[in-house]
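Everything below belongs to work.cif, which stores mmCIF, C-alpha atoms and all ligand atoms.
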```cif
data_upload
loop_
_atom_site.group_PDB
_atom_site.id
_atom_site.type_symbol
_atom_site.label_atom_id
_atom_site.label_comp_id
_atom_site.auth_asym_id
_atom_site.auth_seq_id
_atom_site.Cartn_x
_atom_site.Cartn_y
_atom_site.Cartn_z
ATOM 1 C CA MET M 222 0.305 57.409 38.703
ATOM 2 C CA LYS M 223 2.922 56.137 41.104
ATOM 3 C CA HIS M 224 6.637 56.880 41.029
ATOM 4 C CA SER M 225 8.915 55.359 43.691
ATOM 5 C CA PHE M 226 12.555 55.818 44.576
ATOM 6 C CA THR M 227 14.878 54.956 47.469
ATOM 7 C CA ILE M 228 17.530 57.015 49.224
ATOM 8 C CA VAL M 229 20.115 55.376 51.496
ATOM 9 C CA LYS M 230 22.064 57.703 53.760
ATOM 10 C CA ARG M 231 24.572 57.316 56.572
ATOM 11 C CA THR M 232 25.252 59.386 59.632
ATOM 12 C CA GLN M 233 27.741 59.074 62.491
ATOM 13 C CA ALA M 234 24.988 58.828 65.108
ATOM 14 C CA SER M 235 23.232 55.896 66.774
ATOM 15 C CA PRO M 236 19.781 54.665 65.666
ATOM 16 C CA SER M 237 18.384 55.898 69.021
ATOM 17 C CA ASN M 238 19.653 59.422 68.273
ATOM 18 C CA VAL M 239 18.345 59.324 64.703
ATOM 19 C CA ILE M 240 14.872 58.141 65.772
ATOM 20 C CA ALA M 241 14.786 60.785 68.553
ATOM 21 C CA ASN M 242 15.605 63.385 65.909
ATOM 22 C CA TYR M 243 12.620 62.195 63.821
ATOM 23 C CA LEU M 244 10.314 62.554 66.855
ATOM 24 C CA ASP M 245 11.753 65.804 68.234
ATOM 25 C CA ILE M 246 9.585 68.386 66.488
ATOM 26 C CA GLU M 247 11.096 71.130 68.669
ATOM 27 C CA HIS M 248 14.288 71.029 66.572
ATOM 28 C CA MET M 249 12.372 71.940 63.386
ATOM 29 C CA PRO M 250 13.227 75.694 63.603
ATOM 30 C CA PHE M 251 16.877 74.727 62.996
ATOM 31 C CA HIS M 252 15.935 73.758 59.437
ATOM 32 C CA THR M 253 16.261 76.280 56.622
ATOM 33 C CA GLY M 254 12.885 77.287 55.240
ATOM 34 C CA PHE M 255 10.924 76.157 58.281
ATOM 35 C CA VAL M 256 8.091 78.586 59.019
ATOM 36 C CA GLY M 257 5.770 76.812 61.455
ATOM 37 C CA CYS M 258 4.334 73.543 62.726
ATOM 38 C CA ARG M 259 1.089 72.822 64.557
ATOM 39 C CA VAL M 260 0.194 69.383 65.922
ATOM 40 C CA VAL M 261 -3.511 68.877 65.245
ATOM 41 C CA SER M 262 -3.901 65.437 66.794
ATOM 42 C CA GLU M 263 -1.615 62.956 68.561
ATOM 43 C CA THR M 264 -2.069 59.427 69.894
ATOM 44 C CA SER M 265 0.576 57.055 71.310
ATOM 45 C CA ARG M 266 2.178 56.358 67.892
ATOM 46 C CA VAL M 267 0.389 58.570 65.344
ATOM 47 C CA ALA M 268 0.189 62.329 64.852
ATOM 48 C CA CYS M 269 -1.368 64.692 62.347
ATOM 49 C CA PHE M 270 0.245 68.087 61.926
ATOM 50 C CA GLU M 271 0.319 71.097 59.641
ATOM 51 C CA MET M 272 3.712 72.333 58.539
ATOM 52 C CA SER M 273 4.560 75.542 56.716
ATOM 53 C CA SER M 274 7.878 75.948 54.935
ATOM 54 C CA LYS M 275 9.501 78.129 52.331
ATOM 55 C CA VAL M 276 10.562 76.279 49.174
ATOM 56 C CA GLY M 277 12.358 78.808 46.963
ATOM 57 C CA PRO M 278 10.006 81.766 46.629
ATOM 58 C CA PHE M 279 6.938 79.722 47.647
ATOM 59 C CA LEU M 280 5.318 79.347 51.036
ATOM 60 C CA VAL M 281 4.095 75.726 51.160
ATOM 61 C CA ARG M 282 1.652 74.483 53.781
ATOM 62 C CA ASN M 283 1.055 70.733 53.978
ATOM 63 C CA VAL M 284 -0.889 68.350 56.182
ATOM 64 C CA HIS M 285 1.246 65.457 57.460
ATOM 65 C CA TYR M 286 0.314 62.025 58.832
ATOM 66 C CA TYR M 287 3.187 60.733 60.946
ATOM 67 C CA GLU M 288 3.355 57.238 62.402
ATOM 68 C CA TYR M 289 6.052 55.705 64.590
ATOM 69 C CA ARG M 290 6.530 51.973 64.076
ATOM 70 C CA PRO M 291 8.773 50.960 66.993
ATOM 71 C CA PRO M 292 11.553 50.532 67.314
ATOM 72 C CA ASN M 293 13.150 51.904 64.164
ATOM 73 C CA GLN M 294 10.674 52.943 61.485
ATOM 74 C CA ILE M 295 8.681 56.076 60.621
ATOM 75 C CA PHE M 296 5.784 56.111 58.141
ATOM 76 C CA HIS M 297 5.013 59.574 56.860
ATOM 77 C CA ALA M 298 2.187 60.544 54.469
ATOM 78 C CA ILE M 299 1.902 64.049 53.043
ATOM 79 C CA LYS M 300 -0.912 65.680 51.125
ATOM 80 C CA SER M 301 1.350 67.635 48.789
ATOM 81 C CA PRO M 302 0.619 69.856 45.751
ATOM 82 C CA LEU M 303 2.225 67.121 43.571
ATOM 83 C CA GLY M 304 -0.169 64.462 44.874
ATOM 84 C CA PRO M 305 -0.107 62.200 47.944
ATOM 85 C CA MET M 306 3.406 61.245 49.024
ATOM 86 C CA TYR M 307 4.211 58.214 51.223
ATOM 87 C CA ILE M 308 7.609 57.858 52.902
ATOM 88 C CA VAL M 309 8.907 54.902 54.922
ATOM 89 C CA SER M 310 12.173 55.587 56.782
ATOM 90 C CA THR M 311 14.007 52.666 58.394
ATOM 91 C CA VAL M 312 17.003 53.203 60.664
ATOM 92 C CA GLU M 313 19.590 50.435 61.219
ATOM 93 C CA ASP M 314 23.001 50.224 62.831
ATOM 94 C CA ALA M 315 25.479 50.895 60.022
ATOM 95 C CA ASP M 316 28.004 48.571 61.632
ATOM 96 C CA LYS M 317 26.434 45.534 63.313
ATOM 97 C CA GLU M 318 29.816 44.741 64.937
ATOM 98 C CA SER M 319 29.877 48.090 66.820
ATOM 99 C CA PRO M 320 26.256 49.098 67.388
ATOM 100 C CA GLY M 321 25.240 52.537 68.679
ATOM 101 C CA ARG M 322 27.812 54.549 66.737
ATOM 102 C CA ALA M 323 26.567 55.083 63.192
ATOM 103 C CA SER M 324 23.320 54.574 61.319
ATOM 104 C CA GLU M 325 22.147 53.698 57.860
ATOM 105 C CA VAL M 326 18.790 55.252 57.020
ATOM 106 C CA THR M 327 16.760 53.856 54.109
ATOM 107 C CA VAL M 328 14.097 56.253 52.854
ATOM 108 C CA GLU M 329 11.545 54.738 50.446
ATOM 109 C CA THR M 330 9.360 57.370 48.801
ATOM 110 C CA THR M 331 6.243 56.830 46.658
ATOM 111 C CA LEU M 332 4.624 59.791 44.974
ATOM 112 C CA ASP M 333 1.134 59.325 43.520
ATOM 113 C CA MET M 334 1.196 62.005 40.818
ATOM 114 C CA PRO M 335 -1.517 63.373 38.557
ATOM 115 C CA ARG M 336 -1.182 62.070 34.959
ATOM 116 C CA LEU M 337 -0.381 65.587 33.743
ATOM 117 C CA LEU M 338 2.702 65.852 35.983
ATOM 118 C CA PHE M 339 3.922 62.255 35.550
ATOM 119 C CA PRO M 340 6.316 63.045 32.630
ATOM 120 C CA ALA M 341 8.166 65.356 35.052
ATOM 121 C CA ARG M 342 8.659 62.570 37.631
ATOM 122 C CA LYS M 343 12.461 62.368 37.226
ATOM 123 C CA LEU M 344 12.775 66.120 37.710
ATOM 124 C CA VAL M 345 10.551 65.929 40.809
ATOM 125 C CA GLU M 346 12.670 63.034 42.114
ATOM 126 C CA ARG M 347 15.857 65.085 41.631
ATOM 127 C CA LEU M 348 14.323 68.020 43.528
ATOM 128 C CA LEU M 349 13.168 65.756 46.370
ATOM 129 C CA ARG M 350 16.608 64.098 46.577
ATOM 130 C CA ARG M 351 18.229 67.545 46.758
ATOM 131 C CA LEU M 352 15.784 68.605 49.488
ATOM 132 C CA ASN M 353 16.509 65.386 51.392
ATOM 133 C CA ASP M 354 20.280 66.038 51.174
ATOM 134 C CA ALA M 355 19.817 69.576 52.501
ATOM 135 C CA VAL M 356 17.706 68.376 55.461
ATOM 136 C CA LEU M 357 20.238 65.635 56.243
ATOM 137 C CA ARG M 358 23.121 68.149 56.219
ATOM 138 C CA GLU M 359 21.277 70.262 58.798
ATOM 139 C CA ASP M 360 20.297 67.260 60.947
ATOM 140 C CA ARG M 361 23.895 66.002 60.906
ATOM 141 C CA LEU M 362 24.984 69.152 62.756
ATOM 142 C CA VAL M 363 22.719 68.178 65.643
ATOM 143 C CA LEU M 364 23.117 64.409 65.413
ATOM 144 C CA GLU M 365 26.867 64.101 65.114
ATOM 145 C CA ARG M 366 27.514 66.735 67.807
ATOM 146 C CA ARG M 367 25.155 64.889 70.180
ATOM 147 C CA GLN M 368 26.860 61.590 69.396
ATOM 148 C CA ALA M 369 30.290 63.087 70.113
ATOM 149 C CA LEU M 370 29.113 64.460 73.484
ATOM 150 C CA PHE M 371 26.701 61.809 74.782
ATOM 151 C CA GLY M 372 27.177 58.665 72.676
ATOM 152 C CA ASP M 373 23.876 56.837 72.173
ATOM 153 C CA ASP M 374 22.374 58.127 75.438
ATOM 154 C CA VAL M 375 18.915 59.656 74.871
ATOM 155 C CA GLU M 376 17.637 60.067 78.449
ATOM 156 C CA ASP M 377 17.623 63.874 78.149
ATOM 157 C CA TYR M 378 14.915 63.619 75.468
ATOM 158 C CA LEU M 379 12.736 61.760 77.996
ATOM 159 C CA ARG M 380 12.751 64.380 80.740
ATOM 160 C CA GLU M 381 9.357 65.843 81.616
ATOM 161 C CA PRO M 382 9.683 69.291 79.958
ATOM 162 C CA GLN M 383 10.929 67.899 76.645
ATOM 163 C CA CYS M 384 8.288 67.616 73.955
ATOM 164 C CA LEU M 385 8.980 64.460 71.955
ATOM 165 C CA LEU M 386 6.268 62.850 69.848
ATOM 166 C CA PHE M 387 5.281 59.349 71.048
ATOM 167 C CA LYS M 388 7.581 59.695 74.047
ATOM 168 C CA GLU M 389 6.360 56.554 75.834
ATOM 169 C CA ALA M 390 6.792 54.320 72.767
ATOM 170 C CA PHE M 391 10.270 55.770 72.253
ATOM 171 C CA ARG M 392 11.104 55.248 75.958
ATOM 172 C CA GLN M 393 10.110 51.577 75.750
ATOM 173 C CA SER M 394 12.445 51.033 72.810
ATOM 174 C CA TYR M 395 15.467 53.099 73.790
ATOM 175 C CA SER M 396 15.552 54.087 77.472
ATOM 176 C CA LYS M 397 18.278 52.351 79.493
ATOM 177 C CA LYS M 398 16.819 53.436 82.836
ATOM 178 C CA PRO M 399 14.889 50.655 84.614
ATOM 179 C CA SER M 400 12.542 53.256 86.183
ATOM 180 C CA GLY M 401 11.566 54.478 82.715
ATOM 181 C CA GLY M 402 10.840 50.978 81.435
ATOM 182 C CA ARG M 403 13.385 48.412 80.385
ATOM 183 C CA ALA M 404 15.172 48.896 77.104
ATOM 184 C CA ASP M 405 13.501 46.658 74.600
ATOM 185 C CA THR M 406 14.378 46.910 70.950
ATOM 186 C CA ALA M 407 12.129 44.112 69.740
ATOM 187 C CA ALA M 408 9.477 45.231 67.254
ATOM 188 C CA SER M 409 6.029 45.502 68.785
HETATM 189 FE FE FE M 501 15.541 67.448 61.320
#
```

Starting from the file, lay out its structure as structure tokens.
Amino acid sequence: MKHSFTIVKRTQASPSNVIANYLDIEHMPFHTGFVGCRVVSETSRVACFEMSSKVGPFLVRNVHYYEYRPPNQIFHAIKSPLGPMYIVSTVEDADKESPGRASEVTVETTLDMPRLLFPARKLVERLLRRLNDAVLREDRLVLERRQALFGDDVEDYLREPQCLLFKEAFRQSYSKKPSGGRADTAAS
């Protein structure tokens, strides 16, 4: 039985920085509760990975399907103990008059719960909202510091040694260097 809810959040960082943060799995150890991540399979825009994290006293290990929909959307499906969960995150400039400074992120979550757990859906939603707030607080430390130092520049993510999921697709959308492909923010 499906339960859906939407979270809208703002951060003082450009959409390019926010999307890079979604694709930069190397920053995951900065998150509280993170235990481990292993990429099982990766193509140009889709990856499957296992992630282990501590939620309260529990060690939770989930399989994740992660899809980048250039330029500004992530589709994320998780096989969770509460049932399959589908999350679509869309990143937009918060202020269209001054792009590249702040973002509005809309996170649409659908949880397909077993009938037995469905009466607890509001409680589950509250827990997921709280978890989302905690992750955002930790990401803000990285995002807003980056924005203060580098603005919306993301070329450092594109250097050879950096491991960014779907690097070429990200480069095509956000790189400003002609040698790395022209910046092109049109959806493809
Ligand atoms: Fe993060």

* Asked: Leaving out Gly257 in chain M and any residue of its chain fewer than 3 positions from it, which residues lie within 7 Å of it when counting all atoms listed in the file, given as a list of chain:residue names?
  ->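 Using all atoms listed in the file, the neighbours found are M:Met272, M:Ser273, M:Ser274.
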
Expected file: the selected residues, C-alpha atoms, as a PDB file, keeping the file's coordinate frame:
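Once everything was written out, this is result39.pdb:
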```
ATOM      1  CA  MET M 272       3.712  72.333  58.539  1.00  0.00           C
ATOM      2  CA  SER M 273       4.560  75.542  56.716  1.00  0.00           C
ATOM      3  CA  SER M 274       7.878  75.948  54.935  1.00  0.00           C
TER       4      SER M 274
END
```

* Please identify all polymer residues within 6 Å of range 323-330 of chain M, counting all atoms listed in the file, omitting same-chain residues fewer than 2 positions from it, and present them as a ChimeraX atom specification. => /M:225-236,307-315

* Asked: Residues at most 8 Å from ligand FE 501 (chain M), using only C-alpha atoms and all ligand atoms? Could they come as a PyMOL selection string?
  -> chain M and resi 242-243+246+248-249+251-252+356-357+359-360

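Here CA of Glu365 in chain M stands at a distance of 19.6 Å from CA of Glu318 in chain M.
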
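CA of Val256 in chain M lies 8.5 Å from CA of Leu280 in chain M.
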
Centre and edges of the range 380-387 of chain M box, axis-aligned, 4 Å extra per side, as lines of an AutoDock Vina configuration file:
```
center_x = 9.0
center_y = 64.3
center_z = 75.7
size_x = 15.5
size_y = 17.9
size_z = 19.8
```

* Long-range neighbours of Leu379 in chain M as a list in words, 8 Å cut-off, all atoms listed in the file, 4 positions minimum in chain ->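 The residues that qualify are Val375, Gln383, Leu385, Lys388 and Arg392 of chain M.
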
* Asked: Got a sec: who's within 9 Å of Glu389 in chain M, counting all atoms listed in the file, leaving out chain neighbours fewer than 3 positions off, as a list in words?
  ->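 The residues that qualify are Ser265, Arg266, Leu379, Leu386, Arg392, Gln393, Ser394 and Gly401 of chain M.
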
* Structure fact -> Between CA of Arg322 in chain M and CA of Tyr378 in chain M lies a distance of 18.0 Å

* Please evaluate the PyMOL selection byres (((chain M and resi 286) around 7) and not hetatm) against the structure above and give the resulting residues as a ChimeraX atom specification. => /M:268-270,284-285,287-288,297-299
